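> What follows is work_29.cif; its format and atoms are mmCIF, C-alpha atoms and all ligand atoms.
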data_target
loop_
_atom_site.label_atom_id
_atom_site.label_comp_id
_atom_site.auth_asym_id
_atom_site.auth_seq_id
_atom_site.Cartn_x
_atom_site.Cartn_y
_atom_site.Cartn_z
CA MET C 175 4.32 -19.19 -3.53
CA SER C 176 4.16 -20.18 -7.12
CA SER C 177 5.06 -16.82 -8.53
CA THR C 178 8.57 -16.12 -9.65
CA ARG C 179 11.18 -14.42 -7.53
CA ASP C 180 10.57 -10.82 -8.62
CA ILE C 181 6.86 -11.01 -7.97
CA ASP C 182 7.48 -12.54 -4.53
CA ALA C 183 10.06 -9.87 -3.76
CA LEU C 184 7.65 -7.15 -4.88
CA ILE C 185 4.93 -8.49 -2.58
CA GLU C 186 7.41 -8.64 0.28
CA MET C 187 8.52 -5.03 -0.25
CA MET C 188 4.95 -3.78 -0.55
CA ALA C 189 4.05 -5.56 2.70
CA LYS C 190 6.56 -3.33 4.52
CA LEU C 191 4.59 -0.19 3.72
CA PRO C 192 2.54 1.22 6.58
CA GLY C 193 -1.09 0.17 6.17
CA LEU C 194 -0.30 -2.90 4.07
CA GLY C 195 0.19 -6.40 5.44
CA PRO C 196 1.13 -9.55 3.49
CA ARG C 197 -2.44 -10.14 2.39
CA SER C 198 -3.19 -6.63 1.12
CA ALA C 199 0.27 -6.53 -0.47
CA ARG C 200 -0.65 -9.63 -2.51
CA ARG C 201 -3.95 -8.01 -3.56
CA ALA C 202 -2.15 -4.80 -4.46
CA VAL C 203 0.44 -6.60 -6.59
CA LEU C 204 -2.23 -8.64 -8.39
CA GLN C 205 -4.14 -5.44 -9.14
CA LEU C 206 -0.97 -3.76 -10.35
CA ILE C 207 -0.17 -6.65 -12.68
CA ARG C 208 -3.72 -6.60 -14.04
CA LYS C 209 -3.63 -2.85 -14.54
CA ARG C 210 -0.09 -2.76 -15.79
CA ALA C 211 -0.27 0.13 -18.25
CA LEU C 212 -2.78 2.16 -16.24
CA GLN C 213 -1.32 1.72 -12.76
CA MET C 214 1.90 -0.27 -12.45
CA GLU C 215 4.04 1.47 -15.05
CA PRO C 216 3.04 5.03 -14.06
CA LEU C 217 3.51 4.15 -10.38
CA ALA C 218 6.97 2.69 -10.99
CA ASP C 219 7.94 5.75 -13.05
CA LEU C 220 6.67 8.20 -10.43
CA MET C 221 8.44 6.32 -7.68
CA THR C 222 11.71 6.35 -9.61
CA SER C 223 11.34 10.05 -10.26
CA VAL C 224 10.43 10.95 -6.67
CA ALA C 225 13.27 8.77 -5.36
CA ALA C 226 15.64 10.76 -7.57
CA THR C 227 14.34 14.23 -6.76
CA ALA C 228 12.72 14.34 -3.31
CA CYS C 229 14.68 16.29 -0.74
CA GLU C 230 14.23 18.24 2.47
CA CYS C 231 13.84 22.00 2.25
CA ARG C 232 17.01 23.40 3.78
CA ASN C 233 15.03 26.22 5.33
CA CYS C 234 12.03 24.49 6.94
CA GLY C 235 12.54 20.72 6.55
CA ASN C 236 9.44 20.23 4.37
CA ILE C 237 9.76 17.63 1.62
CA GLY C 238 9.87 18.90 -1.94
CA THR C 239 11.89 18.53 -5.09
CA GLN C 240 13.98 21.69 -4.80
CA PRO C 241 16.54 22.89 -2.23
CA VAL C 242 13.97 25.37 -0.87
CA CYS C 243 10.32 24.28 -0.83
CA ASP C 244 7.29 25.86 -2.51
CA ILE C 245 5.93 27.21 0.78
CA CYS C 246 9.18 28.91 1.75
CA LEU C 247 9.46 30.41 -1.75
CA SER C 248 5.83 31.50 -2.07
CA ASN C 249 5.05 35.21 -2.03
CA GLU C 250 1.52 34.43 -0.96
CA ARG C 251 2.52 33.04 2.45
CA ALA C 252 2.65 35.49 5.33
CA THR C 253 6.13 36.11 6.68
CA GLY C 254 6.46 36.66 10.39
CA GLN C 255 4.48 33.56 11.41
CA ILE C 256 6.07 30.13 11.72
CA CYS C 257 4.12 27.02 12.59
CA VAL C 258 6.35 24.36 14.17
CA VAL C 259 5.39 20.74 13.48
CA GLU C 260 6.97 17.39 14.29
CA ASP C 261 7.02 15.91 10.82
CA VAL C 262 5.96 16.44 7.23
CA GLY C 263 2.76 14.43 7.72
CA ASP C 264 1.68 17.02 10.29
CA LEU C 265 2.56 19.85 7.89
CA TRP C 266 0.35 18.20 5.25
CA ALA C 267 -2.45 17.87 7.82
CA MET C 268 -2.18 21.61 8.60
CA GLU C 269 -2.20 22.43 4.89
CA ARG C 270 -5.33 20.36 4.32
CA SER C 271 -7.16 22.41 6.94
CA GLY C 272 -6.25 25.44 4.81
CA VAL C 273 -6.42 27.78 7.80
CA PHE C 274 -2.75 28.64 8.25
CA LYS C 275 -1.23 31.17 5.84
CA GLY C 276 2.28 31.49 7.23
CA ARG C 277 5.34 29.27 6.95
CA TYR C 278 6.42 26.07 8.67
CA HIS C 279 9.30 24.60 10.53
CA VAL C 280 9.51 20.80 10.55
CA LEU C 281 11.42 19.49 13.57
CA GLY C 282 11.71 15.93 12.34
CA GLY C 283 10.70 14.47 15.71
CA THR C 284 10.54 15.45 19.36
CA LEU C 285 13.13 15.77 22.08
CA SER C 286 13.66 12.42 23.72
CA ALA C 287 16.15 11.67 26.47
CA LEU C 288 15.44 7.99 25.95
CA ASP C 289 16.32 8.02 22.26
CA ALA C 290 19.09 10.60 22.79
CA ILE C 291 17.37 13.10 20.49
CA GLY C 292 18.59 16.58 21.35
CA PRO C 293 17.83 20.09 20.01
CA GLU C 294 20.47 19.91 17.23
CA THR C 295 18.95 16.78 15.72
CA LEU C 296 15.61 18.58 15.62
CA ARG C 297 16.51 21.75 13.71
CA ILE C 298 15.83 23.85 16.82
CA PRO C 299 18.95 26.00 16.30
CA LYS C 300 17.74 26.63 12.73
CA LEU C 301 14.34 27.71 14.08
CA SER C 302 16.04 30.16 16.42
CA GLU C 303 18.02 31.50 13.46
CA ARG C 304 14.87 31.94 11.36
CA VAL C 305 13.13 33.88 14.12
CA GLU C 306 15.82 36.54 13.60
CA SER C 307 16.41 36.37 9.87
CA GLU C 308 12.74 36.25 8.90
CA GLU C 309 11.67 38.81 11.48
CA VAL C 310 9.20 36.39 12.99
CA THR C 311 6.57 37.83 15.32
CA GLU C 312 4.80 34.60 16.22
CA VAL C 313 5.84 30.97 16.55
CA ILE C 314 2.86 28.62 16.69
CA LEU C 315 3.75 25.28 18.27
CA ALA C 316 1.62 22.64 16.56
CA LEU C 317 3.17 19.60 18.20
CA ASN C 318 1.40 16.39 19.06
CA ALA C 319 -0.23 16.36 22.50
CA THR C 320 2.08 13.62 23.75
CA VAL C 321 4.58 13.80 26.63
CA ASP C 322 7.51 14.23 24.23
CA GLY C 323 5.57 16.80 22.20
CA LEU C 324 4.80 18.87 25.32
CA THR C 325 8.41 18.62 26.54
CA THR C 326 9.62 19.83 23.17
CA ALA C 327 7.10 22.68 23.13
CA HIS C 328 8.29 23.86 26.54
CA TYR C 329 11.93 23.65 25.51
CA ILE C 330 11.31 25.74 22.38
CA ALA C 331 9.20 28.26 24.35
CA ASP C 332 12.12 28.65 26.79
CA GLN C 333 14.62 29.13 23.98
CA LEU C 334 12.58 31.77 22.20
CA ASP C 335 11.24 33.49 25.33
CA GLY C 336 11.03 37.26 24.89
CA ARG C 337 11.96 37.20 21.21
CA CYS C 338 8.49 36.75 19.70
CA ARG C 339 4.95 35.73 20.58
CA ILE C 340 4.81 31.98 21.26
CA THR C 341 1.49 30.20 21.00
CA SER C 342 0.37 26.60 20.76
CA LEU C 343 -2.61 24.80 19.33
CA ALA C 344 -5.01 24.31 22.18
CA GLN C 345 -8.67 23.56 21.93
CA GLY C 346 -9.55 20.45 20.00
CA VAL C 347 -6.34 18.45 20.21
CA PRO C 348 -7.23 15.44 22.33
CA ILE C 349 -4.79 14.34 25.06
CA GLY C 350 -2.41 11.79 23.62
CA GLY C 351 -3.77 12.52 20.16
CA GLU C 352 -1.72 12.96 17.01
CA LEU C 353 -2.33 15.82 14.58
CA ASP C 354 -2.29 13.65 11.52
CA TYR C 355 -5.36 11.77 12.79
CA LEU C 356 -7.52 14.87 13.28
CA ASP C 357 -10.13 16.10 10.86
CA ASP C 358 -9.70 19.50 9.21
CA GLY C 359 -12.40 21.15 11.35
CA THR C 360 -10.66 20.16 14.58
CA ILE C 361 -7.37 21.53 13.34
CA THR C 362 -9.07 24.78 12.31
CA ALA C 363 -10.71 25.11 15.75
CA ALA C 364 -7.43 24.37 17.51
CA LEU C 365 -5.59 27.00 15.50
CA ASN C 366 -8.27 29.65 15.99
CA ALA C 367 -8.31 29.03 19.75
CA ARG C 368 -4.54 29.01 20.13
CA ARG C 369 -3.25 30.48 23.40
CA GLU C 370 -0.05 31.96 24.80
CA VAL C 371 2.37 29.41 26.24
CA MET V 209 -0.87 19.95 -0.31
CA SER V 210 2.45 21.65 -0.13
CA SER V 211 4.42 18.91 -1.80
CA THR V 212 5.30 19.22 -5.43
CA ARG V 213 3.34 17.66 -8.22
CA ASP V 214 5.18 14.33 -8.48
CA ILE V 215 4.87 13.63 -4.78
CA ASP V 216 1.15 14.49 -4.86
CA ALA V 217 0.68 12.28 -7.91
CA LEU V 218 2.54 9.43 -6.22
CA ILE V 219 0.29 9.69 -3.14
CA GLU V 220 -2.77 9.71 -5.38
CA MET V 221 -1.64 6.59 -7.28
CA MET V 222 -0.75 4.75 -4.08
CA ALA V 223 -4.17 5.58 -2.63
CA LYS V 224 -5.75 3.56 -5.48
CA LEU V 225 -4.16 0.32 -4.26
CA PRO V 226 -6.45 -2.05 -2.40
CA GLY V 227 -5.91 -1.67 1.35
CA LEU V 228 -4.55 1.87 1.12
CA GLY V 229 -6.63 5.03 1.46
CA PRO V 230 -5.45 8.63 1.12
CA ARG V 231 -4.12 8.73 4.69
CA SER V 232 -2.13 5.51 4.59
CA ALA V 233 -0.89 6.42 1.10
CA ARG V 234 0.55 9.65 2.53
CA ARG V 235 2.23 7.68 5.35
CA ALA V 236 3.57 5.15 2.86
CA VAL V 237 5.03 7.84 0.60
CA LEU V 238 6.66 9.64 3.54
CA GLN V 239 8.21 6.38 4.68
CA LEU V 240 9.41 5.64 1.15
CA ILE V 241 11.04 9.06 0.86
CA ARG V 242 12.73 8.60 4.24
CA LYS V 243 13.94 5.13 3.30
CA ARG V 244 14.84 6.03 -0.23
CA ALA V 245 17.82 3.76 -0.82
CA LEU V 246 16.52 0.89 1.30
CA GLN V 247 12.89 0.86 0.17
CA MET V 248 11.87 3.33 -2.50
CA GLU V 249 14.53 2.65 -5.12
CA PRO V 250 14.37 -1.16 -4.86
CA LEU V 251 10.57 -1.01 -4.92
CA ALA V 252 10.53 1.21 -8.02
CA ASP V 253 13.04 -1.09 -9.75
CA LEU V 254 11.11 -4.24 -8.88
CA MET V 255 7.87 -2.68 -10.05
CA THR V 256 9.43 -1.66 -13.35
CA SER V 257 10.85 -5.14 -13.82
CA VAL V 258 7.62 -6.95 -12.93
CA ALA V 259 5.63 -4.57 -15.16
CA ALA V 260 7.93 -5.54 -18.01
CA THR V 261 7.97 -9.30 -17.45
CA ALA V 262 4.79 -10.47 -15.69
CA CYS V 263 2.49 -12.52 -17.89
CA GLU V 264 -0.19 -15.17 -17.69
CA CYS V 265 0.81 -18.80 -18.11
CA ARG V 266 -0.71 -19.86 -21.44
CA ASN V 267 -1.47 -23.28 -19.99
CA CYS V 268 -3.09 -22.55 -16.63
CA GLY V 269 -3.51 -18.76 -16.34
CA ASN V 270 -1.18 -18.43 -13.33
CA ILE V 271 0.94 -15.28 -13.24
CA GLY V 272 4.65 -15.69 -13.82
CA THR V 273 7.43 -14.26 -15.88
CA GLN V 274 7.59 -16.94 -18.57
CA PRO V 275 5.08 -18.15 -21.19
CA VAL V 276 4.52 -21.32 -19.13
CA CYS V 277 4.60 -20.99 -15.33
CA ASP V 278 6.87 -22.74 -12.81
CA ILE V 279 4.07 -25.00 -11.58
CA CYS V 280 3.14 -26.23 -15.06
CA LEU V 281 6.83 -26.83 -15.85
CA SER V 282 7.72 -28.51 -12.54
CA ASN V 283 8.49 -32.23 -12.54
CA GLU V 284 7.63 -32.39 -8.87
CA ARG V 285 3.96 -31.60 -9.35
CA ALA V 286 1.62 -34.53 -9.83
CA THR V 287 0.08 -34.76 -13.27
CA GLY V 288 -3.46 -36.03 -13.49
CA GLN V 289 -4.89 -33.67 -10.87
CA ILE V 290 -6.03 -30.15 -11.69
CA CYS V 291 -7.30 -27.71 -9.08
CA VAL V 292 -9.60 -25.10 -10.61
CA VAL V 293 -9.56 -21.66 -8.96
CA GLU V 294 -11.19 -18.33 -9.77
CA ASP V 295 -8.11 -16.14 -9.69
CA VAL V 296 -4.38 -16.10 -8.98
CA GLY V 297 -4.94 -14.88 -5.41
CA ASP V 298 -6.82 -18.13 -4.75
CA LEU V 299 -4.00 -20.15 -6.33
CA TRP V 300 -1.54 -18.42 -3.98
CA ALA V 301 -3.84 -19.20 -1.03
CA MET V 302 -3.87 -22.90 -2.02
CA GLU V 303 -0.08 -22.89 -2.39
CA ARG V 304 0.38 -21.38 1.06
CA SER V 305 -1.56 -24.25 2.57
CA GLY V 306 1.02 -26.53 0.92
CA VAL V 307 -1.42 -29.43 0.77
CA PHE V 308 -2.05 -29.64 -2.96
CA LYS V 309 0.63 -31.25 -5.10
CA GLY V 310 -1.00 -31.20 -8.51
CA ARG V 311 -1.48 -28.43 -11.07
CA TYR V 312 -3.89 -25.54 -11.36
CA HIS V 313 -6.29 -23.98 -13.76
CA VAL V 314 -7.10 -20.30 -13.17
CA LEU V 315 -10.49 -19.35 -14.60
CA GLY V 316 -10.05 -15.60 -14.21
CA GLY V 317 -13.54 -15.14 -12.72
CA THR V 318 -16.88 -16.89 -12.57
CA LEU V 319 -19.72 -17.32 -15.01
CA SER V 320 -22.04 -14.36 -14.74
CA ALA V 321 -25.10 -13.76 -16.89
CA LEU V 322 -25.31 -10.25 -15.46
CA ASP V 323 -21.79 -9.32 -16.51
CA ALA V 324 -22.02 -11.38 -19.72
CA ILE V 325 -19.11 -13.60 -18.68
CA GLY V 326 -19.37 -16.89 -20.56
CA PRO V 327 -17.29 -20.10 -20.62
CA GLU V 328 -14.89 -18.80 -23.30
CA THR V 329 -13.87 -15.78 -21.24
CA LEU V 330 -13.07 -18.11 -18.35
CA ARG V 331 -10.68 -20.55 -20.01
CA ILE V 332 -13.22 -23.35 -19.62
CA PRO V 333 -12.59 -24.71 -23.16
CA LYS V 334 -8.87 -24.78 -22.30
CA LEU V 335 -9.64 -26.74 -19.12
CA SER V 336 -11.60 -29.27 -21.16
CA GLU V 337 -8.64 -29.53 -23.56
CA ARG V 338 -6.18 -30.08 -20.68
CA VAL V 339 -8.32 -32.89 -19.23
CA GLU V 340 -7.55 -34.82 -22.46
CA SER V 341 -4.00 -33.74 -23.20
CA GLU V 342 -2.71 -34.11 -19.62
CA GLU V 343 -4.60 -37.35 -18.98
CA VAL V 344 -6.32 -35.82 -15.98
CA THR V 345 -8.04 -38.22 -13.58
CA GLU V 346 -9.41 -35.65 -11.13
CA VAL V 347 -10.56 -32.05 -11.36
CA ILE V 348 -10.87 -30.38 -7.95
CA LEU V 349 -13.17 -27.38 -8.05
CA ALA V 350 -11.82 -24.86 -5.49
CA LEU V 351 -14.20 -22.03 -6.31
CA ASN V 352 -15.50 -19.47 -3.85
CA ALA V 353 -18.69 -20.50 -2.06
CA THR V 354 -20.68 -17.70 -3.68
CA VAL V 355 -23.70 -18.02 -6.00
CA ASP V 356 -21.57 -17.35 -9.09
CA GLY V 357 -18.88 -19.74 -7.83
CA LEU V 358 -21.42 -22.55 -7.34
CA THR V 359 -23.01 -21.88 -10.74
CA THR V 360 -19.60 -22.08 -12.37
CA ALA V 361 -18.73 -25.28 -10.49
CA HIS V 362 -21.95 -26.92 -11.71
CA TYR V 363 -21.35 -25.79 -15.28
CA ILE V 364 -17.83 -27.24 -15.28
CA ALA V 365 -19.01 -30.48 -13.64
CA ASP V 366 -21.61 -30.82 -16.43
CA GLN V 367 -19.04 -30.21 -19.13
CA LEU V 368 -16.55 -32.74 -17.77
CA ASP V 369 -19.14 -35.33 -16.67
CA GLY V 370 -17.92 -38.86 -17.25
CA ARG V 371 -14.44 -37.82 -18.36
CA CYS V 372 -12.73 -37.75 -14.95
CA ARG V 373 -13.45 -37.62 -11.27
CA ILE V 374 -14.85 -34.22 -10.28
CA THR V 375 -14.63 -33.09 -6.68
CA SER V 376 -15.01 -29.82 -4.86
CA LEU V 377 -13.68 -28.32 -1.66
CA ALA V 378 -16.32 -28.91 0.94
CA GLN V 379 -15.83 -28.84 4.64
CA GLY V 380 -14.51 -25.61 6.06
CA VAL V 381 -15.42 -23.16 3.34
CA PRO V 382 -18.01 -20.87 4.94
CA ILE V 383 -21.12 -19.93 2.96
CA GLY V 384 -20.45 -16.72 1.05
CA GLY V 385 -16.80 -16.96 2.02
CA GLU V 386 -13.84 -16.33 -0.23
CA LEU V 387 -10.86 -18.68 -0.37
CA ASP V 388 -8.30 -15.95 -0.13
CA TYR V 389 -9.61 -15.00 3.34
CA LEU V 390 -9.21 -18.47 4.83
CA ASP V 391 -6.34 -19.62 6.99
CA ASP V 392 -4.12 -22.46 5.77
CA GLY V 393 -5.60 -25.02 8.19
CA THR V 394 -9.11 -24.43 6.90
CA ILE V 395 -7.96 -24.85 3.33
CA THR V 396 -6.17 -28.07 4.25
CA ALA V 397 -9.29 -29.42 5.99
CA ALA V 398 -11.46 -28.45 3.04
CA LEU V 399 -9.17 -30.19 0.58
CA ASN V 400 -8.88 -33.36 2.65
CA ALA V 401 -12.67 -33.55 3.03
CA ARG V 402 -13.41 -32.91 -0.64
CA ARG V 403 -16.43 -34.73 -2.03
CA GLU V 404 -17.82 -35.83 -5.38
CA VAL V 405 -19.99 -33.26 -7.13
ZN ZN C 501 10.60 25.14 3.19
ZN ZN C 502 0.84 -22.64 -15.56
#
What does the file become when written as structure tokens?
Ligand SMILES: [Zn+2]
Ligand SMILES: [Zn+2]

Amino acid sequence: MSSTRDIDALIEMMAKLPGLGPRSARRAVLQLIRKRALQMEPLADLMTSVAATACECRNCGNIGTQPVCDICLSNERATGQICVVEDVGDLWAMERSGVFKGRYHVLGGTLSALDAIGPETLRIPKLSERVESEEVTEVILALNATVDGLTTAHYIADQLDGRCRITSLAQGVPIGGELDYLDDGTITAALNARREV
Amino acid sequence: MSSTRDIDALIEMMAKLPGLGPRSARRAVLQLIRKRALQMEPLADLMTSVAATACECRNCGNIGTQPVCDICLSNERATGQICVVEDVGDLWAMERSGVFKGRYHVLGGTLSALDAIGPETLRIPKLSERVESEEVTEVILALNATVDGLTTAHYIADQLDGRCRITSLAQGVPIGGELDYLDDGTITAALNARREV
């Protein structure tokens, strides 16, 4: 590499992002340097600002820039319905489909004996709490159709049994598939065809 | 999108980078937020610093952080041999192969009647100047094997005719191929098998 240390370091850091390898990181950095005022400076500023302000909603686990997120604060979202997702990427996927009008609960993963991830790590006690405090009538489990996702769904269904309606996304989620890879139409179909657990 | 404006804007800017689309930009931003101290803050700082310092070498057109780049300043690089490339990505590709020990001249594109790109835009007068001032004995044309690349190679060969040896990468560069896509071995083979124009 002939470039100076900072440029090399920048390429190396960019190459760690999902979706970018060393080669596309080099292309990205060259483009950024060429479009310095239009792309690189605004991107650096935004990144600095997001790094300083991004935080998890203390109610639902969504990422925002305030202690409680826009969705939890919104008057336009139905109370009484909570959609449980594994991570924020899945929440964004649900939001893009535009079909769900309630609130979310982001687990931050799935139960995993192997990785020693238990209910406390996953905000499951907080979910249980919200079912009471927000007078929830339905919990929609929108977890990935993986073994760990199904295990987690069953565990949550057991915990909340008898306290509210518990449904899960059904039709349209392929076996082994991950929500974030589905198109909006599939997510809409899966939500509309949700069934009792 | 449920995220606040800065996060949305960051995703949108990231999605403009080569190699990243909207989906991988979302993944990248989520990862950055999760690894804030380890990835996001250093990346933002590096980007700010590179945006402030990156510049083109006034001798060869390479990107560095000083008016004249490391390669042009180095005592360990052979004088007398200049390798002409289209852009900095190609220079980096040559450097990764490690086979070339001389200096570079980055054109910044190829001649193109269609896009009205003439010799002046491409630092060709500067190349001609360097052939005298640096007592160059060989100019190696390492341009992409595209129509515009070949046109540019012929133009430069005409301009420098009789003033020094003029060679071009030959064996190993596929027709229509671009240098930056080649593996190091292919670049090495192409350089070793270079021929007179
Ligand atoms: Zn929230
Ligand atoms: Zn230079």
> Taking only C-alpha atoms into account, which residues of chain C are within 7 Å of chain V, as JSON, numbers by chain?
{"C": [175, 176, 177, 178, 180, 181, 184, 187, 191, 192, 193, 194, 198, 201, 202, 207, 210, 214, 215, 217, 218, 220, 221, 222, 224, 225, 228, 237, 238, 239, 244, 245, 266, 269, 270]}
> Can you spit out the residues from that selection as a short mmCIF file (atom, residue, chain, number, x, y, z; two decimals), in the coordinates of the input, using C-alpha atoms?

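To be explicit, this is the file written out as out37.cif:
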data_model
loop_
_atom_site.label_atom_id
_atom_site.label_comp_id
_atom_site.auth_asym_id
_atom_site.auth_seq_id
_atom_site.Cartn_x
_atom_site.Cartn_y
_atom_site.Cartn_z
CA MET C 175 4.32 -19.19 -3.53
CA SER C 176 4.16 -20.18 -7.12
CA SER C 177 5.06 -16.82 -8.53
CA THR C 178 8.57 -16.12 -9.65
CA ASP C 180 10.57 -10.82 -8.62
CA ILE C 181 6.86 -11.01 -7.97
CA LEU C 184 7.65 -7.15 -4.88
CA MET C 187 8.52 -5.03 -0.25
CA LEU C 191 4.59 -0.19 3.72
CA PRO C 192 2.54 1.22 6.58
CA GLY C 193 -1.09 0.17 6.17
CA LEU C 194 -0.30 -2.90 4.07
CA SER C 198 -3.19 -6.63 1.12
CA ARG C 201 -3.95 -8.01 -3.56
CA ALA C 202 -2.15 -4.80 -4.46
CA ILE C 207 -0.17 -6.65 -12.68
CA ARG C 210 -0.09 -2.76 -15.79
CA MET C 214 1.90 -0.27 -12.45
CA GLU C 215 4.04 1.47 -15.05
CA LEU C 217 3.51 4.15 -10.38
CA ALA C 218 6.97 2.69 -10.99
CA LEU C 220 6.67 8.20 -10.43
CA MET C 221 8.44 6.32 -7.68
CA THR C 222 11.71 6.35 -9.61
CA VAL C 224 10.43 10.95 -6.67
CA ALA C 225 13.27 8.77 -5.36
CA ALA C 228 12.72 14.34 -3.31
CA ILE C 237 9.76 17.63 1.62
CA GLY C 238 9.87 18.90 -1.94
CA THR C 239 11.89 18.53 -5.09
CA ASP C 244 7.29 25.86 -2.51
CA ILE C 245 5.93 27.21 0.78
CA TRP C 266 0.35 18.20 5.25
CA GLU C 269 -2.20 22.43 4.89
CA ARG C 270 -5.33 20.36 4.32
#
> Taking 3 positions as the minimum chain separation for residues in the same chain, which residues sit within 12 Å of Arg304 (chain C) when counting only C-alpha atoms? Answer as a PyMOL selection string.
chain C and resi 232-234+246+253-258+277-279+297-301+307-313+334+337-338
> Do you have the CA of Leu288 (chain C)-CA of Ile314 (chain C) distance handy?
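Computing it gives 25.9 Å between the two atoms.
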> Counting all atoms listed in the file, write as JSON, numbers by chain all protein and nucleic acid residues lying at most 6 Å from (-11.3, -17.3, -13.2) in the file's frame.
{"V": [294, 295, 314, 315, 316, 317, 318, 330]}
> Measuring between all atoms listed in the file, which one of V:Ala223, V:Ala350, V:Leu358, V:Ala365 shows the shortest distance to Ile395 (chain V)?
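Selected residue with least distance to Ile395 (chain V): V:Ala350.
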> Name the closest residue to ligand ZN 502 (chain C) among the candidates V:Asp216, V:Leu246, V:Cys265, V:Thr329; distances are taken between atoms, counting only C-alpha atoms and all ligand atoms.
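Using only C-alpha atoms and all ligand atoms, ligand ZN 502 (chain C) sits closest to V:Cys265.
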> Anything within 10 Å of (-21.4, -28.1, -9.0): list those residues as an MDAnalysis selection string, counting only C-alpha atoms and sticking to the file's coordinates.
chainID V and resid 349 351 357:366 374:376 404:405
> Which is closest to Thr362 (chain C) among C:Leu285, C:Glu250, C:Glu303, C:Leu343, if we use all atoms listed in the file?
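For Thr362 (chain C), the nearest of the candidates is C:Leu343.
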> Quote the spacing between CA of Val339 (chain V) and CA of Leu399 (chain V) in Å to one decimal place.
20.0 Å
> Counting all atoms listed in the file, figure out which residue out of V:Ala286, V:Val276, V:Ala353, V:Ile325 gets nearest to ligand ZN 502 (chain C).
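Between V:Ala286, V:Val276, V:Ala353, V:Ile325, the residue approaching ligand ZN 502 (chain C) most closely is V:Val276.
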> As an exercise, work out the distance from CA of Asn352 (chain V) to CA of Asp392 (chain V) in Å and give it to one decimal place.
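One can read the CA of Asn352 (chain V) to CA of Asp392 (chain V) distance as 15.2 Å.
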